[in-house]
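Encoded as structure tokens, the structure appears first; notes follow it.
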Amino acid sequence: MYDSMMLESIKEVEKTRTKRLNEEFARLTADEKLELLHNFHPDFRDDTQREVKIGANKGEKIPHEIADLLESKSLLNPKSFDIINAEHDVDVLIIGAGGAGSAAALVAKESGAKVLMVTKLRHGDSNTVMAQGGIQAADKTNDSPMTHYIDVVGGGGYTNIPELARALTMDAPSVIKWLESLGCMFSKDEDGTMQTIHGGGTSRKRMHFASDYTGAEIMRTLRDEVQNKEIETIEFCSAVELLLDEDGKCGGAVLYNMETKEYFIARAKTVIIATGGSGRLHLAGFPTSNHYGATADGIVMAYRAGAKLAFLDANQVHPTGVVYPKQMIGQLVTEKVRGIGAQLVNTKGEQFIHPLETRDVVSSAVIRECEHRQNGYEVEERQYAVWLDSPMIDLIHGKGTVKRELPAMFKQYERYDIDMSKHPILIFPTLHYQNGGILIKENGETEIENLFVAGEVAGGIHGRNRLMGNSLLDILVFGRRAGKAAADKSKNSDVKILSLKHVERFHKQLEEAGIESERTSPMLLPKYHK
Ligand code: MEZ
């Protein structure tokens, strides 16, 4: 329920609504966008990052919170840990059971591999289910993978690794077909045509969706199929270190039972890391839209094993995170809300940015509005927000559209007596996505033999900024590719005796760099208590 001050502020938004409905807000020029990013995006703030002192990315700037984890000791004592007896011996070990892990598991199994998937929470607890607005694929007659590619690379600031962006966009139409064949219920017109809308930075309407719970529907489909195919999945079991042989080839992992707190070993001919992102590190103090387990574990394990990371200095704050009511702080307000017509408006009732500029640009504009121009609404002391004018949606598309097209979001607000089809909502950027990660090739391979990576933990696909709907796509494209490549590789993999010698060497590097902290990682679960 809004208080009287909020209702007063909403009157300013309402005053300009008719005018705003009838005029197109100008897009920014390339130079204007760059200026906005450099002045207001958290990636460009001096205080958010520092040089990492050891490892393959030594000397590169990355966020403090991630650097702290990379410069931490292992949870294990590598000298005394017994790795002789393996409880599991499989062809492909998959660490993480969100969208990427599950897609990889299905394809690896189909390719004839014995698969084990482990996950530190429940099967499907992941950022996949948190994605609401859609998945991109150029499968309509006015579109093509090439046009999609151009949008991806433009959105990424021309920094994406071209081969990865190419794989992403070329595989997209077949991913949609695959999901449909597994029973994924996309939103369709009465004649069966897939509904598609724009997202920020798209030049064609290619955002496919399942209402406003697309990720949850995709995850439901994949989880059902993994169960149908009887793929062994261990829940509440995280990986804490990779195991390498004397040639540096990966051959399994040390696993940790989150309930009994016991360690055990899984040997594997190949390993796929699909552990997701890092939002729960709350980079630069931002709230997050991420699930509870998003604590950068995969990056930590791979870095110790010698993997190279890419673009970790680029993190996505989604422009529209909930600020009020406070029970929902940081929660995502899907970009679909802007995709179907809502505009961003300050306390003077002014629209200050085109709603479908790319996310980095829109977020920077919201931050500028609140922190520099002081046109934000002060929800709590020094917590500012702008209005997302959601009632415009019903005015554009007809009464009842908000409730029909955004049922999950509508319900969330309704619980707090806010009708988002009648009143605008208060938003500020929320930490949403790790643009970078472990450097991969087109089939998910890394520089470490037998180690593959898929999903948000991978880096290079999106460059410095991902577009909406390309994450649900990337987890499936690269999950499937990694699943196939890891299964094929497992047929000829010859791993020798495994050890944690690489962790010993890493501890030595910490010592030599004078890093004396008692911190340990991976973090596994966020630490909200003191
Ligand atoms: O791709 C995403 O991050 C996504 C679909 C988010 C959203 O705004 O709904």
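Note on naming: chains are A, B, ... as they come in the structure tokens, residues start from 1 per chain, ligands start from 1 in the order shown.
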
Quiz item: Taking only C-alpha atoms and all ligand atoms into account, which residues are within 10 Å of ligand 1, as a VMD selection string?
Solution: chain A and resid 127 to 136 199 to 200 207 to 209 212 to 215 289 316 to 321 332 to 339 359 432 to 433 466 to 474

Exercise. If you run DSSP over the backbone, which residues in range 21-187 of chain A end up strand (DSSP E)? Put them as a PyMOL selection string.
Key: chain A and resi 49-51+61-63+73-74+88-95+115-118+135-136

Self-check item: Counting only C-alpha atoms, the option among A:Leu121, A:Val345, A:Met1, A:Ile197 closest to Thr16 in chain A
Solution: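 When distances to Thr16 in chain A are compared using only C-alpha atoms, the smallest one comes from A:Val345.
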
Quiz item: What are the DSSP alpha helix (DSSP H) residues of range 172-407 of chain A, as an MDAnalysis selection string?
Solution: chainID A and resid 172:181 214:228 297:304 336:339 359:367 392:397 401:405 407

Self-check item: Contacts of Asn450 in chain A at 9 Å (only C-alpha atoms; same-chain gap of 5+ positions) as a list in words
Solution: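 That gives Lys249, Cys250, Gly251, Lys269, Thr270, Val271, Ile272, Glu445, Ala486, Lys489, Ser490, Ser493 and Val495 of chain A.
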
Self-check item: Counting only C-alpha atoms, the residue of A:Ala268, A:Leu37, A:Leu500, A:Ala310 that sits nearest Glu87 in chain A
Solution: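 Closest candidate: A:Ala268.
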
Practice problem: Tell me which of A:Lys229, A:Lys19, A:His372, A:His64 sits closest to Lys109 in chain A, counting only C-alpha atoms. | Solution: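 The closest residue to Lys109 in chain A is A:Lys229.
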
Quiz item: Neighbours of Lys61 in chain A within 7 Å (only C-alpha atoms; same-chain residues fewer than 5 positions away dropped), as a ChimeraX atom specification?
Solution: /A:49-52,313

Quiz item: If we count only C-alpha atoms, what is near Phe428 in chain A at a cut-off of 9 Å, once residues fewer than 3 positions away on the same chain are taken out, given as a VMD selection string?
Solution: chain A and resid 318 to 323 330 363 366 to 367 370 383 to 387

Quiz item: Given the choices A:Gln351, A:Ser521, A:Asn375, A:Thr141, which gets closest to Ser9 in chain A if the distance is worked out from only C-alpha atoms?
Solution: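 Ranked by minimum distance to Ser9 in chain A, first place goes to A:Asn375.
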
Quiz item: Could you work out how far CA of Ile393 in chain A lies from CA of Pro355 in chain A, giving the answer in Å with one decimal?
Solution: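 Straight-line distance from CA of Pro355 in chain A to CA of Ile393 in chain A works out to 12.9 Å.
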
Quiz item: Got a sec: who's within 9 Å of Gly455 in chain A, counting only C-alpha atoms, leaving out chain neighbours fewer than 3 positions off, as JSON, numbers by chain?
Solution: {"A": [98, 99, 100, 101, 273, 274, 275, 276, 277, 458, 459, 471, 472, 474, 475, 476, 477, 478, 479]}

Quiz prompt | Distance query Met6 in chain A at most 12 Å, only C-alpha atoms, self and fewer than 5 positions along chain excluded, as a VMD selection string | solution = chain A and resid 1 11 to 13 324 to 325 347 376 to 380 385 to 387 418 423 to 426

Output file for the selection above: N, CA and C atoms, as an mmCIF file, in the first residue's frame:
data_model
loop_
_atom_site.group_PDB
_atom_site.id
_atom_site.type_symbol
_atom_site.label_atom_id
_atom_site.label_comp_id
_atom_site.auth_asym_id
_atom_site.auth_seq_id
_atom_site.Cartn_x
_atom_site.Cartn_y
_atom_site.Cartn_z
ATOM 1 N N MET A 1 0.846 -1.204 0.000
ATOM 2 C CA MET A 1 0.000 0.000 0.000
ATOM 3 C C MET A 1 0.883 1.257 0.000
ATOM 4 N N LYS A 11 0.896 11.528 -8.596
ATOM 5 C CA LYS A 11 0.078 12.516 -9.343
ATOM 6 C C LYS A 11 0.921 13.196 -10.431
ATOM 7 N N GLU A 12 2.230 13.446 -10.126
ATOM 8 C CA GLU A 12 3.114 14.080 -11.124
ATOM 9 C C GLU A 12 3.297 13.158 -12.332
ATOM 10 N N VAL A 13 3.383 11.853 -12.061
ATOM 11 C CA VAL A 13 3.543 10.877 -13.149
ATOM 12 C C VAL A 13 2.281 10.868 -14.014
ATOM 13 N N TYR A 324 10.299 -0.782 -3.418
ATOM 14 C CA TYR A 324 9.173 -0.738 -2.479
ATOM 15 C C TYR A 324 8.076 -1.678 -2.979
ATOM 16 N N PRO A 325 7.474 -2.509 -2.143
ATOM 17 C CA PRO A 325 7.635 -2.643 -0.703
ATOM 18 C C PRO A 325 8.965 -3.313 -0.337
ATOM 19 N N THR A 347 10.454 12.059 -10.497
ATOM 20 C CA THR A 347 9.435 12.657 -9.618
ATOM 21 C C THR A 347 8.812 13.932 -10.203
ATOM 22 N N GLY A 376 14.959 11.572 -7.949
ATOM 23 C CA GLY A 376 14.421 10.287 -7.512
ATOM 24 C C GLY A 376 13.528 10.478 -6.289
ATOM 25 N N TYR A 377 12.700 9.491 -6.048
ATOM 26 C CA TYR A 377 11.823 9.519 -4.872
ATOM 27 C C TYR A 377 12.567 8.861 -3.707
ATOM 28 N N GLU A 378 12.650 9.543 -2.549
ATOM 29 C CA GLU A 378 13.399 8.991 -1.417
ATOM 30 C C GLU A 378 12.497 8.030 -0.631
ATOM 31 N N VAL A 379 12.697 6.740 -0.859
ATOM 32 C CA VAL A 379 11.841 5.723 -0.247
ATOM 33 C C VAL A 379 12.213 5.559 1.222
ATOM 34 N N GLU A 380 13.523 5.490 1.457
ATOM 35 C CA GLU A 380 14.065 5.457 2.821
ATOM 36 C C GLU A 380 15.268 6.366 2.780
ATOM 37 N N ALA A 385 14.539 6.120 -5.759
ATOM 38 C CA ALA A 385 13.934 5.267 -6.789
ATOM 39 C C ALA A 385 13.241 6.152 -7.820
ATOM 40 N N VAL A 386 12.994 5.585 -9.000
ATOM 41 C CA VAL A 386 12.162 6.293 -9.981
ATOM 42 C C VAL A 386 10.897 5.466 -10.214
ATOM 43 N N TRP A 387 9.958 6.059 -10.912
ATOM 44 C CA TRP A 387 8.682 5.366 -11.159
ATOM 45 C C TRP A 387 8.723 4.612 -12.491
ATOM 46 N N ILE A 418 -0.785 -3.276 -3.760
ATOM 47 C CA ILE A 418 -0.423 -2.354 -4.847
ATOM 48 C C ILE A 418 -0.953 -2.959 -6.146
ATOM 49 N N HIS A 423 -1.421 1.832 -10.568
ATOM 50 C CA HIS A 423 -0.387 2.723 -10.018
ATOM 51 C C HIS A 423 0.991 2.323 -10.497
ATOM 52 N N PRO A 424 1.857 3.308 -10.776
ATOM 53 C CA PRO A 424 3.234 2.959 -11.150
ATOM 54 C C PRO A 424 3.976 2.343 -9.965
ATOM 55 N N ILE A 425 5.151 1.763 -10.233
ATOM 56 C CA ILE A 425 5.910 1.099 -9.163
ATOM 57 C C ILE A 425 7.309 1.725 -9.041
ATOM 58 N N LEU A 426 7.871 1.621 -7.815
ATOM 59 C CA LEU A 426 9.165 2.266 -7.529
ATOM 60 C C LEU A 426 10.309 1.292 -7.780
#

Exercise. Counting only C-alpha atoms, figure out which residue out of A:Thr358, A:Thr169, A:Gln327, A:Thr18 gets nearest to His148 in chain A.
Key: A:Thr169

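Nearest to Leu388 in chain A of all the residues A:Ala342, A:Leu69, A:Val300, A:Ile83 is A:Ala342, based on only C-alpha atoms.
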
Quiz item: Hey, can you check how far CA of Ile94 in chain A sits from CA of Ala108 in chain A?
Solution: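 CA of Ala108 in chain A lies 9.8 Å from CA of Ile94 in chain A.
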
Quiz item: Expressed in Å to a single decimal, how great is the separation between CA of Met185 in chain A and CA of Ser211 in chain A?
Solution: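 Calculated distance between CA of Met185 in chain A and CA of Ser211 in chain A is 9.4 Å.
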